[in-house]
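Heads up, the thing below is written out as structure tokens.
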Amino acid sequence: MAILEILEYPDARLRTIAKPVTCFDQKLSNLIDDMFETMYDAPGIGLAATQVDEHIQLIVMDISEDKKDPRVFINPEVTVLEGDPEKMQEGCLSVPGFYEDVERIEHVLIKALDRDGKPFELEATGLLAVCIQHEMDHLNGKLFVDYLSALKRNRIKKKLEKAHRMRA
């Protein structure tokens, strides 16, 4: 397994629309394992393939405290079940060090494939529902900063660009 590089905002590759997964092979299995290792190392609770410059519809997630509930979502679809959008503070491994309130629906139905290509459905509420929507945004080339005002988004962009220059 390997730690993969996580793309950081404003990297244009984060805006790439992911393509559906059609091949369930060892390469995909290795990518899933590497993404989990990368997510746990970061540390984070969710990671979309787009964030590691693989533009396929693949998400790994583990919102458990003890990191013993790894979940894989391939070609995910979300249906809103009920409720009004609720504000929750979000962060992102591609926007390190920043946390902002974002409105999301807190009760959804997820349809996806597992790592072996078997379909499943999962009713999600709370953090799991929010996290899957956040990660699915990545698959569609969207970041949580897109929900913020232009002023806040620009401030974050400038700070991250400065940090990138300092590391280079």
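Numbering starts fresh at 1 for the residues of each chain in the structure tokens, the chains themselves are lettered A, B, ... in the order given, and ligands are numbered from 1 as they appear.
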**Request:** Return as a VMD selection string the full set of residues in chain A whose backbone-based DSSP assignment is helix (DSSP H, G or I).
**Result:** chain A and resid 12 to 15 26 to 41 49 to 52 126 to 139 144 to 147 150 to 167
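Near Met88 of chain A, within 9 Å and counting only C-alpha atoms, sit Glu100, Asp101, Val102, Glu103, Arg104, Leu127 and Val130 of chain A; same-chain residues fewer than 4 positions away were not included.
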Take the residues from that selection and write them out as a PDB file, in the first residue's frame, keeping all heavy atoms.
```pdb
ATOM      1  N   GLU A 100     -15.690  25.413   7.464  1.00  0.00           N
ATOM      2  CA  GLU A 100     -16.759  26.387   7.265  1.00  0.00           C
ATOM      3  C   GLU A 100     -18.105  25.671   7.325  1.00  0.00           C
ATOM      4  O   GLU A 100     -18.197  24.472   7.050  1.00  0.00           O
ATOM      5  CB  GLU A 100     -16.623  27.081   5.897  1.00  0.00           C
ATOM      6  CG  GLU A 100     -15.370  27.910   5.726  1.00  0.00           C
ATOM      7  CD  GLU A 100     -15.361  29.214   6.499  1.00  0.00           C
ATOM      8  OE1 GLU A 100     -16.436  29.645   6.967  1.00  0.00           O
ATOM      9  OE2 GLU A 100     -14.273  29.796   6.633  1.00  0.00           O
ATOM     10  N   ASP A 101     -19.152  26.424   7.649  1.00  0.00           N
ATOM     11  CA  ASP A 101     -20.506  25.879   7.670  1.00  0.00           C
ATOM     12  C   ASP A 101     -21.029  25.709   6.250  1.00  0.00           C
ATOM     13  O   ASP A 101     -20.913  26.633   5.432  1.00  0.00           O
ATOM     14  CB  ASP A 101     -21.455  26.799   8.443  1.00  0.00           C
ATOM     15  CG  ASP A 101     -21.224  26.736   9.942  1.00  0.00           C
ATOM     16  OD1 ASP A 101     -20.637  25.744  10.416  1.00  0.00           O
ATOM     17  OD2 ASP A 101     -21.638  27.680  10.641  1.00  0.00           O
ATOM     18  N   VAL A 102     -21.598  24.535   5.982  1.00  0.00           N
ATOM     19  CA  VAL A 102     -22.199  24.232   4.685  1.00  0.00           C
ATOM     20  C   VAL A 102     -23.566  23.597   4.957  1.00  0.00           C
ATOM     21  O   VAL A 102     -23.708  22.799   5.877  1.00  0.00           O
ATOM     22  CB  VAL A 102     -21.317  23.259   3.869  1.00  0.00           C
ATOM     23  CG1 VAL A 102     -21.980  22.876   2.559  1.00  0.00           C
ATOM     24  CG2 VAL A 102     -19.944  23.868   3.608  1.00  0.00           C
ATOM     25  N   GLU A 103     -24.554  23.961   4.152  1.00  0.00           N
ATOM     26  CA  GLU A 103     -25.884  23.378   4.292  1.00  0.00           C
ATOM     27  C   GLU A 103     -26.007  22.130   3.427  1.00  0.00           C
ATOM     28  O   GLU A 103     -25.699  22.156   2.242  1.00  0.00           O
ATOM     29  CB  GLU A 103     -26.966  24.384   3.872  1.00  0.00           C
ATOM     30  CG  GLU A 103     -27.228  25.449   4.885  1.00  0.00           C
ATOM     31  CD  GLU A 103     -28.477  26.265   4.560  1.00  0.00           C
ATOM     32  OE1 GLU A 103     -29.108  26.031   3.511  1.00  0.00           O
ATOM     33  OE2 GLU A 103     -28.812  27.137   5.370  1.00  0.00           O
ATOM     34  N   ARG A 104     -26.470  21.043   4.064  1.00  0.00           N
ATOM     35  CA  ARG A 104     -26.699  19.787   3.354  1.00  0.00           C
ATOM     36  C   ARG A 104     -27.927  19.101   3.952  1.00  0.00           C
ATOM     37  O   ARG A 104     -28.260  19.302   5.107  1.00  0.00           O
ATOM     38  CB  ARG A 104     -25.509  18.849   3.501  1.00  0.00           C
ATOM     39  CG  ARG A 104     -24.193  19.467   3.006  1.00  0.00           C
ATOM     40  CD  ARG A 104     -23.420  18.464   2.228  1.00  0.00           C
ATOM     41  NE  ARG A 104     -22.076  18.952   1.956  1.00  0.00           N
ATOM     42  CZ  ARG A 104     -21.607  19.153   0.745  1.00  0.00           C
ATOM     43  NH1 ARG A 104     -22.358  18.923  -0.297  1.00  0.00           N
ATOM     44  NH2 ARG A 104     -20.373  19.576   0.562  1.00  0.00           N
ATOM     45  N   LEU A 127     -23.877  12.725  10.123  1.00  0.00           N
ATOM     46  CA  LEU A 127     -22.526  12.871   9.567  1.00  0.00           C
ATOM     47  C   LEU A 127     -22.317  12.004   8.330  1.00  0.00           C
ATOM     48  O   LEU A 127     -21.701  12.448   7.356  1.00  0.00           O
ATOM     49  CB  LEU A 127     -21.478  12.544  10.634  1.00  0.00           C
ATOM     50  CG  LEU A 127     -20.019  12.686  10.206  1.00  0.00           C
ATOM     51  CD1 LEU A 127     -19.709  14.102   9.731  1.00  0.00           C
ATOM     52  CD2 LEU A 127     -19.093  12.265  11.338  1.00  0.00           C
ATOM     53  N   VAL A 130     -23.983  13.696   5.369  1.00  0.00           N
ATOM     54  CA  VAL A 130     -23.240  14.896   4.998  1.00  0.00           C
ATOM     55  C   VAL A 130     -21.939  14.521   4.291  1.00  0.00           C
ATOM     56  O   VAL A 130     -21.582  15.081   3.250  1.00  0.00           O
ATOM     57  CB  VAL A 130     -22.974  15.775   6.241  1.00  0.00           C
ATOM     58  CG1 VAL A 130     -21.959  16.868   5.948  1.00  0.00           C
ATOM     59  CG2 VAL A 130     -24.276  16.383   6.742  1.00  0.00           C
TER      60      VAL A 130
END
```
**Request:** Could you please write out, as a VMD selection string, every residue of segment 7-77 of chain A that DSSP assigns to strand (DSSP E or B)?
**Result:** chain A and resid 19 46 to 48 56 58 to 61 71 to 77
File of the preceding selection, all heavy atoms, as a short mmCIF file (atom, residue, chain, number, x, y, z; two decimals), in the first residue's frame:
```
data_model
loop_
_atom_site.label_atom_id
_atom_site.label_comp_id
_atom_site.auth_asym_id
_atom_site.auth_seq_id
_atom_site.Cartn_x
_atom_site.Cartn_y
_atom_site.Cartn_z
N LYS A 19 -15.53 9.66 -14.04
CA LYS A 19 -16.23 8.72 -14.91
C LYS A 19 -16.64 7.48 -14.10
O LYS A 19 -15.97 7.11 -13.14
CB LYS A 19 -15.32 8.30 -16.06
CG LYS A 19 -14.89 9.50 -16.93
CD LYS A 19 -14.54 9.07 -18.32
CE LYS A 19 -14.15 10.19 -19.24
NZ LYS A 19 -14.70 11.47 -19.03
N GLY A 46 -13.17 10.87 4.91
CA GLY A 46 -13.65 10.55 3.57
C GLY A 46 -12.65 11.02 2.52
O GLY A 46 -11.92 11.99 2.75
N LEU A 47 -12.60 10.30 1.41
CA LEU A 47 -11.69 10.67 0.33
C LEU A 47 -12.29 10.19 -0.99
O LEU A 47 -12.67 9.02 -1.12
CB LEU A 47 -10.32 10.02 0.55
CG LEU A 47 -9.20 10.42 -0.40
CD1 LEU A 47 -8.82 11.89 -0.24
CD2 LEU A 47 -7.97 9.53 -0.18
N ALA A 48 -12.38 11.11 -1.94
CA ALA A 48 -12.85 10.78 -3.29
C ALA A 48 -11.64 10.58 -4.20
O ALA A 48 -10.61 11.23 -4.03
CB ALA A 48 -13.73 11.90 -3.83
N ILE A 56 -12.31 8.69 -11.34
CA ILE A 56 -13.35 7.68 -11.41
C ILE A 56 -14.28 7.86 -10.20
O ILE A 56 -13.90 8.45 -9.20
CB ILE A 56 -12.76 6.25 -11.42
CG1 ILE A 56 -11.89 6.00 -10.19
CG2 ILE A 56 -11.99 6.01 -12.72
CD1 ILE A 56 -11.42 4.57 -10.04
N LEU A 58 -15.33 6.86 -7.29
CA LEU A 58 -14.92 6.02 -6.17
C LEU A 58 -14.72 6.88 -4.93
O LEU A 58 -14.05 7.91 -5.00
CB LEU A 58 -13.61 5.30 -6.50
CG LEU A 58 -12.84 4.65 -5.36
CD1 LEU A 58 -13.66 3.55 -4.69
CD2 LEU A 58 -11.51 4.11 -5.88
N ILE A 59 -15.33 6.45 -3.83
CA ILE A 59 -15.21 7.15 -2.55
C ILE A 59 -14.88 6.11 -1.48
O ILE A 59 -15.47 5.03 -1.46
CB ILE A 59 -16.54 7.85 -2.17
CG1 ILE A 59 -16.85 8.98 -3.15
CG2 ILE A 59 -16.50 8.37 -0.73
CD1 ILE A 59 -18.27 9.51 -3.04
N VAL A 60 -13.93 6.46 -0.60
CA VAL A 60 -13.70 5.66 0.60
C VAL A 60 -14.05 6.54 1.79
O VAL A 60 -13.89 7.76 1.75
CB VAL A 60 -12.26 5.11 0.70
CG1 VAL A 60 -11.95 4.21 -0.49
CG2 VAL A 60 -11.23 6.22 0.81
N MET A 61 -14.53 5.89 2.87
CA MET A 61 -15.00 6.66 4.01
C MET A 61 -14.93 5.81 5.27
O MET A 61 -15.14 4.60 5.22
CB MET A 61 -16.44 7.08 3.73
CG MET A 61 -17.03 8.06 4.67
SD MET A 61 -18.73 8.48 4.19
CE MET A 61 -18.53 9.02 2.51
N ARG A 71 -15.76 2.05 4.54
CA ARG A 71 -16.84 1.89 3.56
C ARG A 71 -16.33 2.32 2.19
O ARG A 71 -15.58 3.28 2.08
CB ARG A 71 -18.04 2.75 3.93
CG ARG A 71 -18.67 2.39 5.26
CD ARG A 71 -19.73 3.44 5.63
NE ARG A 71 -20.27 3.23 6.94
CZ ARG A 71 -21.48 2.73 7.19
NH1 ARG A 71 -22.26 2.38 6.19
NH2 ARG A 71 -21.90 2.58 8.41
N VAL A 72 -16.80 1.60 1.18
CA VAL A 72 -16.44 1.90 -0.21
C VAL A 72 -17.73 2.16 -0.97
O VAL A 72 -18.69 1.39 -0.87
CB VAL A 72 -15.67 0.72 -0.85
CG1 VAL A 72 -15.42 0.99 -2.33
CG2 VAL A 72 -14.35 0.48 -0.12
N PHE A 73 -17.75 3.25 -1.72
CA PHE A 73 -18.90 3.62 -2.55
C PHE A 73 -18.39 3.81 -3.98
O PHE A 73 -17.61 4.72 -4.24
CB PHE A 73 -19.53 4.92 -2.07
CG PHE A 73 -20.02 4.88 -0.64
CD1 PHE A 73 -19.18 5.25 0.40
CD2 PHE A 73 -21.31 4.48 -0.34
CE1 PHE A 73 -19.61 5.22 1.72
CE2 PHE A 73 -21.76 4.45 0.97
CZ PHE A 73 -20.91 4.82 2.01
N ILE A 74 -18.85 2.96 -4.89
CA ILE A 74 -18.45 3.06 -6.29
C ILE A 74 -19.70 3.40 -7.11
O ILE A 74 -20.77 2.82 -6.90
CB ILE A 74 -17.80 1.75 -6.78
CG1 ILE A 74 -16.51 1.50 -5.97
CG2 ILE A 74 -17.51 1.81 -8.28
CD1 ILE A 74 -15.85 0.17 -6.24
N ASN A 75 -19.55 4.37 -8.01
CA ASN A 75 -20.66 4.86 -8.83
C ASN A 75 -21.87 5.23 -7.96
O ASN A 75 -23.00 4.81 -8.24
CB ASN A 75 -21.06 3.84 -9.90
CG ASN A 75 -19.92 3.48 -10.83
OD1 ASN A 75 -18.94 4.21 -10.95
ND2 ASN A 75 -20.03 2.35 -11.48
N PRO A 76 -21.66 6.01 -6.90
CA PRO A 76 -22.75 6.30 -5.97
C PRO A 76 -23.81 7.24 -6.55
O PRO A 76 -23.52 8.10 -7.37
CB PRO A 76 -22.04 6.97 -4.79
CG PRO A 76 -20.85 7.62 -5.42
CD PRO A 76 -20.43 6.71 -6.54
N GLU A 77 -25.03 7.03 -6.07
CA GLU A 77 -26.16 7.91 -6.37
C GLU A 77 -26.84 8.22 -5.05
O GLU A 77 -26.99 7.34 -4.21
CB GLU A 77 -27.17 7.22 -7.30
CG GLU A 77 -26.62 6.84 -8.65
CD GLU A 77 -27.63 6.03 -9.47
OE1 GLU A 77 -28.82 6.01 -9.11
OE2 GLU A 77 -27.20 5.42 -10.45
#
```
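Nearest-residue note for Ser29 of chain A: choosing from A:His138, A:Arg115, A:Lys157, A:His164, the minimum distance belongs to A:Arg115, counting only C-alpha atoms.
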**Within 12 Å of Pro43 of chain A using only C-alpha atoms, minus same-chain residues under 3 positions, as an NGL selection string** = :A and (3 or 6 or 35-40 or 46-47 or 61-63 or 65 or 67 or 91-94 or 96-97)
Selection file, all heavy atoms, as a compact mmCIF listing (two decimals), in the first residue's frame:
```
# COMPACT_ATOMS: atom_id res chain seq x y z
N ILE A 3 0.91 5.80 0.38
CA ILE A 3 0.26 7.09 0.65
C ILE A 3 0.28 7.87 -0.66
O ILE A 3 1.33 8.08 -1.25
CB ILE A 3 1.02 7.88 1.74
CG1 ILE A 3 1.17 7.06 3.03
CG2 ILE A 3 0.35 9.22 1.99
CD1 ILE A 3 -0.09 6.84 3.81
N ILE A 6 -2.49 14.06 -2.13
CA ILE A 6 -3.83 14.65 -2.16
C ILE A 6 -3.74 16.02 -2.83
O ILE A 6 -2.96 16.88 -2.41
CB ILE A 6 -4.41 14.79 -0.74
CG1 ILE A 6 -4.55 13.41 -0.09
CG2 ILE A 6 -5.75 15.52 -0.77
CD1 ILE A 6 -4.95 13.44 1.37
N MET A 35 -6.12 4.45 -1.08
CA MET A 35 -6.94 5.59 -0.66
C MET A 35 -7.28 5.52 0.82
O MET A 35 -7.25 6.54 1.51
CB MET A 35 -8.21 5.68 -1.52
CG MET A 35 -7.94 6.21 -2.93
SD MET A 35 -9.42 6.23 -3.98
CE MET A 35 -10.49 7.36 -3.07
N PHE A 36 -7.57 4.33 1.33
CA PHE A 36 -7.82 4.20 2.77
C PHE A 36 -6.57 4.58 3.55
O PHE A 36 -6.64 5.33 4.53
CB PHE A 36 -8.27 2.78 3.14
CG PHE A 36 -9.75 2.57 3.05
CD1 PHE A 36 -10.28 1.67 2.14
CD2 PHE A 36 -10.62 3.27 3.88
CE1 PHE A 36 -11.65 1.47 2.05
CE2 PHE A 36 -12.00 3.08 3.80
CZ PHE A 36 -12.51 2.17 2.88
N GLU A 37 -5.43 4.07 3.14
CA GLU A 37 -4.18 4.39 3.84
C GLU A 37 -3.92 5.90 3.81
O GLU A 37 -3.53 6.49 4.82
CB GLU A 37 -3.01 3.63 3.22
CG GLU A 37 -1.73 3.79 4.02
CD GLU A 37 -0.59 2.90 3.53
OE1 GLU A 37 -0.79 2.08 2.62
OE2 GLU A 37 0.51 3.04 4.08
N THR A 38 -4.16 6.52 2.68
CA THR A 38 -3.96 7.97 2.52
C THR A 38 -4.93 8.74 3.41
O THR A 38 -4.53 9.68 4.11
CB THR A 38 -4.16 8.36 1.04
OG1 THR A 38 -3.22 7.63 0.24
CG2 THR A 38 -3.98 9.85 0.83
N MET A 39 -6.20 8.33 3.42
CA MET A 39 -7.22 9.02 4.22
C MET A 39 -6.90 8.92 5.71
O MET A 39 -6.95 9.91 6.43
CB MET A 39 -8.59 8.42 3.93
CG MET A 39 -9.73 9.04 4.73
SD MET A 39 -11.27 8.12 4.52
CE MET A 39 -10.96 6.69 5.54
N TYR A 40 -6.56 7.72 6.18
CA TYR A 40 -6.24 7.54 7.60
C TYR A 40 -4.99 8.32 7.99
O TYR A 40 -4.91 8.88 9.08
CB TYR A 40 -6.05 6.05 7.93
CG TYR A 40 -7.32 5.24 7.91
CD1 TYR A 40 -7.35 3.98 7.31
CD2 TYR A 40 -8.50 5.70 8.51
CE1 TYR A 40 -8.51 3.22 7.29
CE2 TYR A 40 -9.66 4.94 8.49
CZ TYR A 40 -9.66 3.70 7.89
OH TYR A 40 -10.81 2.95 7.88
N GLY A 46 -13.17 10.87 4.91
CA GLY A 46 -13.65 10.55 3.57
C GLY A 46 -12.65 11.02 2.52
O GLY A 46 -11.92 11.99 2.75
N LEU A 47 -12.60 10.30 1.41
CA LEU A 47 -11.69 10.67 0.33
C LEU A 47 -12.29 10.19 -0.99
O LEU A 47 -12.67 9.02 -1.12
CB LEU A 47 -10.32 10.02 0.55
CG LEU A 47 -9.20 10.42 -0.40
CD1 LEU A 47 -8.82 11.89 -0.24
CD2 LEU A 47 -7.97 9.53 -0.18
N MET A 61 -14.53 5.89 2.87
CA MET A 61 -15.00 6.66 4.01
C MET A 61 -14.93 5.81 5.27
O MET A 61 -15.14 4.60 5.22
CB MET A 61 -16.44 7.08 3.73
CG MET A 61 -17.03 8.06 4.67
SD MET A 61 -18.73 8.48 4.19
CE MET A 61 -18.53 9.02 2.51
N ASP A 62 -14.64 6.45 6.38
CA ASP A 62 -14.73 5.79 7.69
C ASP A 62 -14.97 6.88 8.71
O ASP A 62 -14.07 7.63 9.08
CB ASP A 62 -13.45 5.02 8.01
CG ASP A 62 -13.58 4.16 9.26
OD1 ASP A 62 -14.50 4.41 10.08
OD2 ASP A 62 -12.75 3.26 9.44
N ILE A 63 -16.22 6.99 9.17
CA ILE A 63 -16.56 8.05 10.13
C ILE A 63 -16.53 7.54 11.57
O ILE A 63 -16.84 8.28 12.49
CB ILE A 63 -17.94 8.68 9.82
CG1 ILE A 63 -19.06 7.65 9.92
CG2 ILE A 63 -17.92 9.35 8.45
CD1 ILE A 63 -20.45 8.25 9.88
N GLU A 65 -15.05 6.35 15.22
CA GLU A 65 -13.99 6.89 16.09
C GLU A 65 -12.75 6.00 16.07
O GLU A 65 -11.62 6.48 16.12
CB GLU A 65 -14.50 7.01 17.53
CG GLU A 65 -15.54 8.10 17.73
CD GLU A 65 -14.96 9.50 17.63
OE1 GLU A 65 -13.83 9.71 18.10
OE2 GLU A 65 -15.65 10.38 17.08
N LYS A 67 -11.78 3.89 13.68
CA LYS A 67 -11.32 3.58 12.32
C LYS A 67 -11.48 2.10 11.98
O LYS A 67 -10.63 1.49 11.35
CB LYS A 67 -9.86 4.02 12.12
CG LYS A 67 -9.61 5.48 12.42
CD LYS A 67 -10.48 6.36 11.56
CE LYS A 67 -10.28 7.83 11.88
NZ LYS A 67 -11.39 8.64 11.47
N GLY A 91 -14.79 20.35 6.72
CA GLY A 91 -13.41 20.56 6.34
C GLY A 91 -13.14 19.64 5.16
O GLY A 91 -14.00 18.86 4.76
N CYS A 92 -11.95 19.72 4.60
CA CYS A 92 -11.65 18.92 3.42
C CYS A 92 -10.15 18.70 3.32
O CYS A 92 -9.37 19.64 3.53
CB CYS A 92 -12.16 19.64 2.17
SG CYS A 92 -11.87 18.75 0.64
N LEU A 93 -9.75 17.48 3.01
CA LEU A 93 -8.33 17.19 2.86
C LEU A 93 -7.71 17.96 1.71
O LEU A 93 -6.51 18.20 1.70
CB LEU A 93 -8.11 15.68 2.67
CG LEU A 93 -8.53 14.81 3.85
CD1 LEU A 93 -8.35 13.34 3.51
CD2 LEU A 93 -7.77 15.18 5.10
N SER A 94 -8.53 18.39 0.75
CA SER A 94 -8.03 19.20 -0.38
C SER A 94 -8.05 20.70 -0.08
O SER A 94 -7.59 21.49 -0.89
CB SER A 94 -8.86 18.92 -1.64
OG SER A 94 -8.61 17.62 -2.11
N PRO A 96 -6.84 22.06 3.19
CA PRO A 96 -6.36 21.82 4.55
C PRO A 96 -6.36 23.06 5.43
O PRO A 96 -6.00 24.15 5.01
CB PRO A 96 -4.93 21.31 4.32
CG PRO A 96 -4.53 21.83 2.99
CD PRO A 96 -5.81 21.89 2.18
N GLY A 97 -6.82 22.83 6.67
CA GLY A 97 -6.78 23.89 7.66
C GLY A 97 -7.98 24.81 7.70
O GLY A 97 -8.02 25.73 8.51
```
